[in-house]
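Participant: So here's target29.pdb, just PDB, C-alpha atoms and all ligand atoms:
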```
ATOM      1  CA  MET A  16     -47.432 107.182-196.609
ATOM      2  CA  THR A  17     -45.238 110.226-196.840
ATOM      3  CA  PHE A  18     -43.961 112.147-193.847
ATOM      4  CA  GLN A  19     -42.318 115.457-193.295
ATOM      5  CA  LEU A  20     -38.911 114.500-191.966
ATOM      6  CA  ASN A  21     -37.465 117.044-189.644
ATOM      7  CA  THR A  22     -33.867 117.012-188.538
ATOM      8  CA  PRO A  23     -34.056 116.728-184.795
ATOM      9  CA  ILE A  24     -31.146 117.917-182.736
ATOM     10  CA  VAL A  25     -28.693 115.279-181.544
ATOM     11  CA  VAL A  26     -26.859 116.089-178.321
ATOM     12  CA  VAL A  27     -24.000 113.781-177.347
ATOM     13  CA  ALA A  28     -22.802 114.064-173.763
ATOM     14  CA  PRO A  29     -19.476 112.545-172.685
ATOM     15  CA  ASP A  30     -21.067 110.213-170.126
ATOM     16  CA  TYR A  31     -24.303 109.327-168.315
ATOM     17  CA  ALA A  32     -23.884 111.964-165.582
ATOM     18  CA  HIS A  33     -23.495 114.772-168.109
ATOM     19  CA  LEU A  34     -26.359 113.378-170.183
ATOM     20  CA  CYS A  35     -28.678 113.538-167.159
ATOM     21  CA  GLU A  36     -27.563 117.109-166.378
ATOM     22  CA  ARG A  37     -28.393 118.200-169.918
ATOM     23  CA  VAL A  38     -31.844 116.599-169.844
ATOM     24  CA  ALA A  39     -32.582 117.929-166.342
ATOM     25  CA  ASP A  40     -31.615 121.415-167.590
ATOM     26  CA  GLN A  41     -34.192 121.153-170.382
ATOM     27  CA  ILE A  42     -36.916 120.061-167.963
ATOM     28  CA  SER A  43     -35.947 122.790-165.469
ATOM     29  CA  ALA A  44     -36.058 125.440-168.212
ATOM     30  CA  GLN A  45     -39.524 124.245-169.237
ATOM     31  CA  MET A  46     -40.739 124.484-165.618
ATOM     32  CA  GLN A  47     -39.219 127.916-165.111
ATOM     33  CA  ALA A  48     -40.878 129.195-168.298
ATOM     34  CA  ARG A  49     -44.198 127.542-167.390
ATOM     35  CA  PRO A  50     -44.882 126.963-163.697
ATOM     36  CA  ASN A  51     -47.989 125.012-164.806
ATOM     37  CA  ALA A  52     -46.050 122.841-167.260
ATOM     38  CA  VAL A  53     -47.432 119.458-168.273
ATOM     39  CA  LEU A  54     -44.646 116.885-168.348
ATOM     40  CA  GLY A  55     -44.741 113.442-169.928
ATOM     41  CA  LEU A  56     -42.462 111.111-167.976
ATOM     42  CA  ALA A  57     -40.836 107.736-168.549
ATOM     43  CA  THR A  58     -39.766 104.822-166.367
ATOM     44  CA  GLY A  59     -36.776 102.498-166.810
ATOM     45  CA  SER A  60     -33.165 102.880-165.755
ATOM     46  CA  THR A  61     -32.330 105.624-168.257
ATOM     47  CA  PRO A  62     -34.156 108.590-166.644
ATOM     48  CA  LEU A  63     -33.193 107.695-163.055
ATOM     49  CA  GLY A  64     -30.248 110.133-162.993
ATOM     50  CA  VAL A  65     -32.496 112.892-164.328
ATOM     51  CA  TYR A  66     -35.022 112.326-161.543
ATOM     52  CA  GLU A  67     -32.225 112.415-158.952
ATOM     53  CA  ILE A  68     -31.125 115.819-160.232
ATOM     54  CA  LEU A  69     -34.700 117.151-160.302
ATOM     55  CA  VAL A  70     -35.174 116.020-156.688
ATOM     56  CA  GLN A  71     -31.921 117.741-155.676
ATOM     57  CA  ARG A  72     -32.965 120.937-157.405
ATOM     58  CA  TYR A  73     -36.351 120.834-155.662
ATOM     59  CA  GLN A  74     -34.649 120.260-152.310
ATOM     60  CA  ASN A  75     -32.287 123.196-152.981
ATOM     61  CA  GLY A  76     -35.314 125.401-153.646
ATOM     62  CA  GLU A  77     -34.490 125.795-157.363
ATOM     63  CA  LEU A  78     -37.596 124.030-158.668
ATOM     64  CA  ASP A  79     -41.256 124.093-157.661
ATOM     65  CA  PHE A  80     -43.524 121.290-158.879
ATOM     66  CA  SER A  81     -46.690 122.544-157.180
ATOM     67  CA  GLY A  82     -48.315 123.692-160.441
ATOM     68  CA  VAL A  83     -46.878 120.926-162.617
ATOM     69  CA  THR A  84     -48.936 118.009-163.934
ATOM     70  CA  CYS A  85     -47.194 114.771-164.958
ATOM     71  CA  PHE A  86     -48.431 111.952-167.166
ATOM     72  CA  ASN A  87     -46.490 108.720-167.366
ATOM     73  CA  LEU A  88     -46.167 106.752-170.563
ATOM     74  CA  ASP A  89     -47.178 103.292-169.489
ATOM     75  CA  GLU A  90     -47.922 100.630-166.877
ATOM     76  CA  TYR A  91     -47.760  96.846-166.905
ATOM     77  CA  TYR A  92     -51.068  94.970-167.203
ATOM     78  CA  PRO A  93     -52.388  93.438-165.107
ATOM     79  CA  MET A  94     -50.636  95.318-162.322
ATOM     80  CA  LEU A  95     -51.768  96.581-158.933
ATOM     81  CA  PRO A  96     -50.496 100.098-158.231
ATOM     82  CA  GLU A  97     -49.187  99.007-154.824
ATOM     83  CA  SER A  98     -47.055  96.203-156.317
ATOM     84  CA  PRO A  99     -43.317  96.946-156.088
ATOM     85  CA  HIS A 100     -43.128  96.089-159.804
ATOM     86  CA  SER A 101     -45.652  98.727-160.835
ATOM     87  CA  TYR A 102     -44.553 101.855-162.622
ATOM     88  CA  GLN A 103     -46.804 103.718-160.192
ATOM     89  CA  ALA A 104     -44.499 102.506-157.376
ATOM     90  CA  PHE A 105     -41.393 103.252-159.448
ATOM     91  CA  MET A 106     -42.407 106.881-159.967
ATOM     92  CA  GLN A 107     -43.436 107.271-156.341
ATOM     93  CA  GLU A 108     -40.103 105.876-155.156
ATOM     94  CA  HIS A 109     -37.777 107.717-157.521
ATOM     95  CA  LEU A 110     -39.533 111.040-157.920
ATOM     96  CA  PHE A 111     -42.916 111.893-156.487
ATOM     97  CA  ARG A 112     -42.396 111.058-152.818
ATOM     98  CA  HIS A 113     -39.487 113.524-152.808
ATOM     99  CA  ILE A 114     -41.118 116.541-154.509
ATOM    100  CA  ASN A 115     -44.244 118.695-154.216
ATOM    101  CA  CYS A 116     -46.048 117.640-157.409
ATOM    102  CA  ARG A 117     -49.784 117.486-156.622
ATOM    103  CA  ARG A 118     -51.031 115.855-159.805
ATOM    104  CA  TRP A 119     -49.295 112.891-161.401
ATOM    105  CA  LEU A 120     -50.964 110.158-163.365
ATOM    106  CA  VAL A 121     -49.912 106.716-164.563
ATOM    107  CA  PRO A 122     -52.058 104.575-166.894
ATOM    108  CA  ASP A 123     -54.327 102.201-164.992
ATOM    109  CA  GLY A 124     -52.919  98.669-164.939
ATOM    110  CA  GLN A 125     -55.866  97.150-163.100
ATOM    111  CA  ALA A 126     -58.828  98.330-165.109
ATOM    112  CA  GLY A 127     -60.396  94.869-165.484
ATOM    113  CA  SER A 128     -62.095  93.638-168.651
ATOM    114  CA  PRO A 129     -60.887  94.676-172.147
ATOM    115  CA  ALA A 130     -63.843  97.088-172.361
ATOM    116  CA  GLN A 131     -62.917  98.648-169.019
ATOM    117  CA  VAL A 132     -59.279  98.981-170.106
ATOM    118  CA  ALA A 133     -60.380 100.679-173.330
ATOM    119  CA  GLN A 134     -62.547 103.054-171.289
ATOM    120  CA  SER A 135     -59.732 103.913-168.897
ATOM    121  CA  CYS A 136     -57.417 104.540-171.882
ATOM    122  CA  ARG A 137     -59.973 106.943-173.371
ATOM    123  CA  GLU A 138     -60.141 108.716-170.010
ATOM    124  CA  TYR A 139     -56.336 108.995-169.911
ATOM    125  CA  GLU A 140     -56.353 110.633-173.354
ATOM    126  CA  THR A 141     -59.085 113.031-172.181
ATOM    127  CA  GLN A 142     -57.122 113.892-169.028
ATOM    128  CA  ILE A 143     -54.074 114.758-171.160
ATOM    129  CA  LYS A 144     -56.214 116.923-173.449
ATOM    130  CA  ASP A 145     -57.992 118.628-170.549
ATOM    131  CA  ALA A 146     -54.605 119.467-169.014
ATOM    132  CA  GLY A 147     -53.823 121.356-172.227
ATOM    133  CA  GLY A 148     -51.654 118.638-173.809
ATOM    134  CA  ILE A 149     -48.103 117.652-172.929
ATOM    135  CA  ASP A 150     -45.504 120.429-173.095
ATOM    136  CA  LEU A 151     -42.432 118.211-172.820
ATOM    137  CA  GLN A 152     -42.373 114.446-173.222
ATOM    138  CA  LEU A 153     -39.369 112.494-171.960
ATOM    139  CA  LEU A 154     -38.789 109.154-173.688
ATOM    140  CA  GLY A 155     -36.417 106.224-173.325
ATOM    141  CA  ILE A 156     -35.947 103.676-176.080
ATOM    142  CA  GLY A 157     -36.239  99.924-175.701
ATOM    143  CA  ARG A 158     -33.937  97.528-177.516
ATOM    144  CA  THR A 159     -36.904  96.674-179.770
ATOM    145  CA  GLY A 160     -37.166 100.367-180.716
ATOM    146  CA  HIS A 161     -40.235 100.875-178.545
ATOM    147  CA  ILE A 162     -41.225 104.246-177.098
ATOM    148  CA  GLY A 163     -43.563 103.888-174.175
ATOM    149  CA  PHE A 164     -44.545 100.251-174.724
ATOM    150  CA  ASN A 165     -45.282 100.814-178.399
ATOM    151  CA  GLU A 166     -43.550  97.776-179.816
ATOM    152  CA  PRO A 167     -42.691  97.239-183.499
ATOM    153  CA  GLY A 168     -45.849  97.393-185.616
ATOM    154  CA  SER A 169     -47.394 100.233-183.605
ATOM    155  CA  PRO A 170     -48.886 102.743-186.034
ATOM    156  CA  PRO A 171     -48.020 106.454-185.834
ATOM    157  CA  ASP A 172     -51.630 107.390-185.067
ATOM    158  CA  SER A 173     -52.081 104.863-182.232
ATOM    159  CA  ARG A 174     -53.642 106.094-178.987
ATOM    160  CA  SER A 175     -53.476 104.862-175.400
ATOM    161  CA  ARG A 176     -54.392 101.174-175.395
ATOM    162  CA  LEU A 177     -53.629  97.668-174.205
ATOM    163  CA  VAL A 178     -50.496  96.327-175.938
ATOM    164  CA  SER A 179     -48.511  93.071-176.007
ATOM    165  CA  LEU A 180     -44.894  93.202-174.911
ATOM    166  CA  ALA A 181     -42.218  91.898-177.275
ATOM    167  CA  PRO A 182     -40.214  88.897-175.983
ATOM    168  CA  GLN A 183     -37.036  91.018-175.907
ATOM    169  CA  THR A 184     -38.775  93.629-173.751
ATOM    170  CA  ARG A 185     -39.871  90.895-171.336
ATOM    171  CA  GLU A 186     -36.330  89.493-171.293
ATOM    172  CA  ASP A 187     -34.973  92.931-170.420
ATOM    173  CA  ALA A 188     -37.430  93.123-167.503
ATOM    174  CA  ALA A 189     -36.895  89.520-166.353
ATOM    175  CA  GLU A 190     -34.254  90.292-163.743
ATOM    176  CA  ALA A 191     -36.434  92.885-162.017
ATOM    177  CA  PHE A 192     -39.358  90.444-161.918
ATOM    178  CA  GLY A 193     -37.271  87.419-160.861
ATOM    179  CA  GLY A 194     -37.665  85.552-164.162
ATOM    180  CA  PHE A 195     -39.032  85.893-167.699
ATOM    181  CA  ASP A 196     -42.312  84.118-166.938
ATOM    182  CA  ALA A 197     -43.108  86.541-164.120
ATOM    183  CA  VAL A 198     -43.011  89.542-166.485
ATOM    184  CA  PRO A 199     -46.529  90.511-167.588
ATOM    185  CA  GLN A 200     -47.284  89.806-171.244
ATOM    186  CA  GLN A 201     -49.219  93.027-171.658
ATOM    187  CA  ALA A 202     -49.145  96.675-170.723
ATOM    188  CA  VAL A 203     -51.198  99.842-171.073
ATOM    189  CA  SER A 204     -49.320 102.469-173.043
ATOM    190  CA  MET A 205     -49.847 105.913-174.475
ATOM    191  CA  GLY A 206     -49.905 105.524-178.259
ATOM    192  CA  VAL A 207     -47.344 106.793-180.749
ATOM    193  CA  GLY A 208     -49.926 109.384-181.825
ATOM    194  CA  THR A 209     -50.392 110.511-178.226
ATOM    195  CA  ILE A 210     -46.621 110.898-177.829
ATOM    196  CA  LEU A 211     -46.208 112.785-181.106
ATOM    197  CA  GLU A 212     -48.785 115.375-179.969
ATOM    198  CA  ALA A 213     -46.440 116.594-177.219
ATOM    199  CA  ARG A 214     -45.111 120.057-178.032
ATOM    200  CA  GLU A 215     -41.524 118.991-177.376
ATOM    201  CA  ILE A 216     -39.915 115.555-177.189
ATOM    202  CA  ILE A 217     -36.635 114.467-175.631
ATOM    203  CA  LEU A 218     -35.606 110.918-176.410
ATOM    204  CA  MET A 219     -32.724 109.839-174.209
ATOM    205  CA  ALA A 220     -30.487 106.778-174.428
ATOM    206  CA  SER A 221     -27.415 105.636-172.570
ATOM    207  CA  GLY A 222     -24.946 102.787-172.933
ATOM    208  CA  ALA A 223     -23.547 100.574-175.677
ATOM    209  CA  ALA A 224     -26.535  98.192-175.518
ATOM    210  CA  LYS A 225     -28.652 100.972-177.060
ATOM    211  CA  ALA A 226     -26.175 101.976-179.802
ATOM    212  CA  GLU A 227     -27.595  99.684-182.483
ATOM    213  CA  ILE A 228     -31.254 100.590-181.958
ATOM    214  CA  VAL A 229     -30.377 104.308-181.748
ATOM    215  CA  ARG A 230     -28.696 103.963-185.127
ATOM    216  CA  GLY A 231     -31.738 102.109-186.489
ATOM    217  CA  ALA A 232     -34.126 104.752-185.170
ATOM    218  CA  TRP A 233     -32.139 107.779-186.246
ATOM    219  CA  SER A 234     -30.428 106.835-189.481
ATOM    220  CA  GLY A 235     -32.610 104.148-191.014
ATOM    221  CA  GLU A 236     -36.009 104.700-192.601
ATOM    222  CA  VAL A 237     -38.958 105.997-190.598
ATOM    223  CA  THR A 238     -40.926 102.821-190.092
ATOM    224  CA  GLY A 239     -43.364 101.098-187.773
ATOM    225  CA  ARG A 240     -40.722  98.375-187.401
ATOM    226  CA  VAL A 241     -38.803 100.881-185.253
ATOM    227  CA  PRO A 242     -41.451 102.962-183.467
ATOM    228  CA  ALA A 243     -38.838 105.419-182.109
ATOM    229  CA  SER A 244     -38.118 106.455-185.699
ATOM    230  CA  TRP A 245     -41.518 108.242-185.757
ATOM    231  CA  VAL A 246     -39.992 110.811-183.406
ATOM    232  CA  ARG A 247     -38.018 112.102-186.413
ATOM    233  CA  THR A 248     -41.285 113.347-187.918
ATOM    234  CA  HIS A 249     -41.832 115.652-184.916
ATOM    235  CA  PRO A 250     -41.035 119.361-185.405
ATOM    236  CA  ASN A 251     -39.471 119.855-181.965
ATOM    237  CA  ALA A 252     -37.680 116.663-180.963
ATOM    238  CA  ALA A 253     -34.155 116.111-179.710
ATOM    239  CA  LEU A 254     -32.093 112.990-179.181
ATOM    240  CA  TYR A 255     -29.910 113.072-176.050
ATOM    241  CA  LEU A 256     -27.204 110.410-175.892
ATOM    242  CA  ASP A 257     -24.076 109.539-174.041
ATOM    243  CA  GLN A 258     -21.060 108.604-176.135
ATOM    244  CA  ASP A 259     -21.658 104.859-175.844
ATOM    245  CA  ALA A 260     -25.247 105.115-177.089
ATOM    246  CA  ALA A 261     -24.077 107.407-179.922
ATOM    247  CA  SER A 262     -21.213 105.142-180.960
ATOM    248  CA  ARG A 263     -22.986 103.655-184.017
ATOM    249  CA  LEU A 264     -24.423 106.897-185.373
ATOM    250  CA  GLU A 265     -22.545 107.858-188.501
ATOM    251  CA  GLU A 266     -22.221 111.529-187.707
ATOM    252  CA  THR A 267     -22.334 112.441-184.053
ATOM    253  CA  PRO A 268     -22.104 116.144-183.355
ATOM    254  CA  GLN A 269     -20.231 116.685-180.102
ATOM    255  CA  GLU A 270     -21.165 118.915-177.163
TER     256      GLU A 270
HETATM  257  P1  LIG A 301     -34.371 101.421-169.889
HETATM  258  O1  LIG A 301     -35.728 101.195-170.674
HETATM  259  O2  LIG A 301     -34.298 102.883-169.599
HETATM  260  O3  LIG A 301     -34.492 100.599-168.651
HETATM  261  O4  LIG A 301     -33.252 100.973-170.789
HETATM  262  C1  LIG A 301     -36.023 102.049-171.735
HETATM  263  C2  LIG A 301     -37.309 101.641-172.394
HETATM  264  O5  LIG A 301     -37.623 100.435-172.437
HETATM  265  O6  LIG A 301     -38.002 102.525-172.919
END
```
Rewrite the coordinates I just gave you, this time as structure tokens.

Facilitator:
Amino acid sequence: MTFQLNTPIVVVAPDYAHLCERVADQISAQMQARPNAVLGLATGSTPLGVYEILVQRYQNGELDFSGVTCFNLDEYYPMLPESPHSYQAFMQEHLFRHINCRRWLVPDGQAGSPAQVAQSCREYETQIKDAGGIDLQLLGIGRTGHIGFNEPGSPPDSRSRLVSLAPQTREDAAEAFGGFDAVPQQAVSMGVGTILEAREIILMASGAAKAEIVRGAWSGEVTGRVPASWVRTHPNAALYLDQDAASRLEETPQE
């Protein structure tokens, strides 16, 4: 396979607080340009500071989410939405209960049989399409190189589907679940292809624990072994890092 490799922008902020400001500025600009923007959102610890800033800006009257639609990347499976471990609960707690967004969707983690899960994934794809597609997709990166829960081996044209979580991903979630065995083995995730259809992508990473995988995703080959590397084929993608996450990149343009 050959791919057009673009040269996405790399922004290196001095620390996590500045990183979150920069990303929140991009999201705010998108919302100001398009009051009906469609945002793709991520869970995990990385975007938490961004959500805090967006909430503050809403509370200060600087942002209005009433026309905005949000689609989240993924949800554990099986998972009840009311469980404190669900990504539905995470988004409610950290963002949506504080703002005036009327339409936000998270993949269904309780769809039932494999056929029902496949059906609900098709519906999720249709809902994204019917909303006009995603204007701006925010991504984190897992230590396996996953985006969403697209673990190594996920093809670039994959769509929303049931996926298996890599052992390292389950280890990274073990503390939150009170032990490795309590972490679900599966999840429902937007596909790499779904993500790459967003009109703009921001991949954000913070901290030294991400430095090695950021280097692998951004300076190695574009490969299914590191799903985040597919982002480099996107015409409008940017990598936002703090200095620790950027520390293994060979050339790191500064702010
Ligand atoms: P984290 O997760 O933000 O908690 O590091 C990122 C991810 O797994 O995509």

Participant: Just want the 7 Å neighbourhood of segment 39-50 of chain A, counted on all atoms listed in the file, with same-chain residues fewer than 6 positions away dropped. Output as a PyMOL selection string.

Facilitator: chain A and resi 65+68-69+82-83

Participant: Could you spell out the hits of the PyMOL selection byres (((chain A and resi 208) around 7) and not hetatm) on the shown file, as a ChimeraX atom specification?

Facilitator: /A:171-174,206-207,209-212

Participant: Give as JSON, numbers by chain the residues that the PyMOL selection byres (((chain A and resi 106-115) around 7) and not hetatm) matches when applied to the coordinates above.

Facilitator: {"A": [66, 70, 73, 80, 81, 102, 103, 104, 105, 116, 117]}

Participant: Set the cut-off to 6 Å, count only C-alpha atoms and all ligand atoms, and list whatever residues fall near ligand LIG 301 (chain A) as a VMD selection string.

Facilitator: chain A and resid 59 to 61 155 to 157 162 to 163

Participant: Given the file shown, enumerate the residues that the PyMOL selection byres (((chain A and resi 250-258) around 7) and not hetatm) captures and present them as a list in words.

Facilitator: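 That selection, the PyMOL selection byres (((chain A and resi 250-258) around 7) and not hetatm), comes back as Asn21, Pro23, Ile24, Val25, Val26, Val27, Ala28, Pro29, Asp30, Tyr31, Leu34, Arg214, Glu215, Ile216, Ile217, Leu218, Met219, Ala220, Ser221, Gly222, Val246, Thr248, His249, Asp259, Ala260, Ala261 and Ser262 of chain A.
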
Participant: From the set A:Ala202, A:Ala213, A:Val229, A:Ala146, which residue has the shortest atom-to-atom contact distance to Ser101 of chain A, counting all atoms listed in the file?

Facilitator: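 Checking each candidate against Ser101 of chain A, we get A:Ala202 as the closest.
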
Participant: If you take all atoms listed in the file and a cut-off of 7 Å, which residues of segment 72-123 of chain A touch segment 52-56 of chain A, and what are their nearest atom pairs and distances in Å to one decimal, in chain and number order, as a tab-separated table?

Facilitator:
```
residue	atom	partner	partner_atom	distance
A:Val83	CA	A:Ala52	CA	5.1
A:Thr84	CA	A:Val53	CA	4.8
A:Cys85	CA	A:Leu54	CA	4.7
A:Phe86	CA	A:Gly55	CA	4.8
A:Asn87	CA	A:Leu56	CA	4.7
A:Leu88	CA	A:Leu56	CA	6.3
```

Participant: Please report the interatomic distance between atom CA of Ala226 of chain A and atom CA of Ala243 of chain A in Å with one decimal.

Facilitator: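 Separation of atom CA of Ala226 of chain A and atom CA of Ala243 of chain A: 13.3 Å.
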
Participant: Of the candidates A:Thr58, A:Gln183, A:Gln125, A:Ser234, which one gets nearest to Val203 of chain A if we count only C-alpha atoms?

Facilitator: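 Result for the nearest residue to Val203 of chain A: A:Gln125.
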
Participant: Since the input is missing atoms, can you rebuild all heavy atoms for segment 48-58 of chain A and write them as a PDB file, keeping the file's coordinate frame?

Facilitator:
```
ATOM      1  N   ALA A  48     -40.095 128.409-167.327  1.00  0.00           N
ATOM      2  CA  ALA A  48     -40.878 129.195-168.298  1.00  0.00           C
ATOM      3  C   ALA A  48     -42.380 129.039-168.050  1.00  0.00           C
ATOM      4  O   ALA A  48     -43.157 129.953-168.298  1.00  0.00           O
ATOM      5  CB  ALA A  48     -40.526 128.758-169.714  1.00  0.00           C
ATOM      6  N   ARG A  49     -42.777 127.859-167.579  1.00  0.00           N
ATOM      7  CA  ARG A  49     -44.198 127.542-167.390  1.00  0.00           C
ATOM      8  C   ARG A  49     -44.384 126.850-166.048  1.00  0.00           C
ATOM      9  O   ARG A  49     -44.310 125.624-165.967  1.00  0.00           O
ATOM     10  CB  ARG A  49     -44.676 126.524-168.445  1.00  0.00           C
ATOM     11  CG  ARG A  49     -44.788 127.041-169.840  1.00  0.00           C
ATOM     12  CD  ARG A  49     -45.003 125.802-170.734  1.00  0.00           C
ATOM     13  NE  ARG A  49     -45.378 126.189-172.061  1.00  0.00           N
ATOM     14  CZ  ARG A  49     -46.644 126.247-172.488  1.00  0.00           C
ATOM     15  NH1 ARG A  49     -47.625 125.868-171.712  1.00  0.00           N
ATOM     16  NH2 ARG A  49     -46.917 126.638-173.701  1.00  0.00           N
ATOM     17  N   PRO A  50     -44.684 127.598-165.014  1.00  0.00           N
ATOM     18  CA  PRO A  50     -44.882 126.963-163.697  1.00  0.00           C
ATOM     19  C   PRO A  50     -46.004 125.918-163.714  1.00  0.00           C
ATOM     20  O   PRO A  50     -46.034 125.024-162.868  1.00  0.00           O
ATOM     21  CB  PRO A  50     -45.233 128.139-162.788  1.00  0.00           C
ATOM     22  CG  PRO A  50     -44.655 129.344-163.481  1.00  0.00           C
ATOM     23  CD  PRO A  50     -44.752 129.052-164.948  1.00  0.00           C
ATOM     24  N   ASN A  51     -46.910 126.010-164.698  1.00  0.00           N
ATOM     25  CA  ASN A  51     -47.989 125.012-164.806  1.00  0.00           C
ATOM     26  C   ASN A  51     -47.696 123.994-165.905  1.00  0.00           C
ATOM     27  O   ASN A  51     -48.623 123.452-166.520  1.00  0.00           O
ATOM     28  CB  ASN A  51     -49.320 125.685-165.095  1.00  0.00           C
ATOM     29  CG  ASN A  51     -49.737 126.585-163.962  1.00  0.00           C
ATOM     30  OD1 ASN A  51     -49.552 126.256-162.789  1.00  0.00           O
ATOM     31  ND2 ASN A  51     -50.280 127.747-164.299  1.00  0.00           N
ATOM     32  N   ALA A  52     -46.435 123.738-166.156  1.00  0.00           N
ATOM     33  CA  ALA A  52     -46.050 122.841-167.260  1.00  0.00           C
ATOM     34  C   ALA A  52     -46.704 121.465-167.103  1.00  0.00           C
ATOM     35  O   ALA A  52     -46.945 120.997-165.987  1.00  0.00           O
ATOM     36  CB  ALA A  52     -44.533 122.689-167.301  1.00  0.00           C
ATOM     37  N   VAL A  53     -46.954 120.844-168.248  1.00  0.00           N
ATOM     38  CA  VAL A  53     -47.432 119.458-168.273  1.00  0.00           C
ATOM     39  C   VAL A  53     -46.283 118.609-168.816  1.00  0.00           C
ATOM     40  O   VAL A  53     -45.844 118.809-169.953  1.00  0.00           O
ATOM     41  CB  VAL A  53     -48.684 119.317-169.152  1.00  0.00           C
ATOM     42  CG1 VAL A  53     -49.145 117.862-169.189  1.00  0.00           C
ATOM     43  CG2 VAL A  53     -49.800 120.231-168.642  1.00  0.00           C
ATOM     44  N   LEU A  54     -45.794 117.708-167.967  1.00  0.00           N
ATOM     45  CA  LEU A  54     -44.646 116.885-168.348  1.00  0.00           C
ATOM     46  C   LEU A  54     -45.104 115.460-168.633  1.00  0.00           C
ATOM     47  O   LEU A  54     -45.931 114.906-167.903  1.00  0.00           O
ATOM     48  CB  LEU A  54     -43.609 116.850-167.222  1.00  0.00           C
ATOM     49  CG  LEU A  54     -43.051 118.195-166.764  1.00  0.00           C
ATOM     50  CD1 LEU A  54     -42.068 117.989-165.599  1.00  0.00           C
ATOM     51  CD2 LEU A  54     -42.365 118.934-167.918  1.00  0.00           C
ATOM     52  N   GLY A  55     -44.539 114.864-169.661  1.00  0.00           N
ATOM     53  CA  GLY A  55     -44.741 113.442-169.928  1.00  0.00           C
ATOM     54  C   GLY A  55     -43.481 112.724-169.454  1.00  0.00           C
ATOM     55  O   GLY A  55     -42.378 113.097-169.861  1.00  0.00           O
ATOM     56  N   LEU A  56     -43.641 111.735-168.585  1.00  0.00           N
ATOM     57  CA  LEU A  56     -42.462 111.111-167.976  1.00  0.00           C
ATOM     58  C   LEU A  56     -42.363 109.621-168.317  1.00  0.00           C
ATOM     59  O   LEU A  56     -43.354 108.980-168.672  1.00  0.00           O
ATOM     60  CB  LEU A  56     -42.502 111.302-166.458  1.00  0.00           C
ATOM     61  CG  LEU A  56     -42.442 112.763-165.997  1.00  0.00           C
ATOM     62  CD1 LEU A  56     -42.493 112.851-164.482  1.00  0.00           C
ATOM     63  CD2 LEU A  56     -41.206 113.493-166.546  1.00  0.00           C
ATOM     64  N   ALA A  57     -41.135 109.119-168.177  1.00  0.00           N
ATOM     65  CA  ALA A  57     -40.836 107.736-168.549  1.00  0.00           C
ATOM     66  C   ALA A  57     -40.274 106.986-167.349  1.00  0.00           C
ATOM     67  O   ALA A  57     -39.704 107.591-166.448  1.00  0.00           O
ATOM     68  CB  ALA A  57     -39.799 107.740-169.675  1.00  0.00           C
ATOM     69  N   THR A  58     -40.409 105.663-167.374  1.00  0.00           N
ATOM     70  CA  THR A  58     -39.766 104.822-166.367  1.00  0.00           C
ATOM     71  C   THR A  58     -38.546 104.148-166.996  1.00  0.00           C
ATOM     72  O   THR A  58     -38.144 104.497-168.094  1.00  0.00           O
ATOM     73  CB  THR A  58     -40.758 103.768-165.841  1.00  0.00           C
ATOM     74  OG1 THR A  58     -41.363 103.155-166.972  1.00  0.00           O
ATOM     75  CG2 THR A  58     -41.805 104.388-164.964  1.00  0.00           C
TER      76      THR A  58
END
```
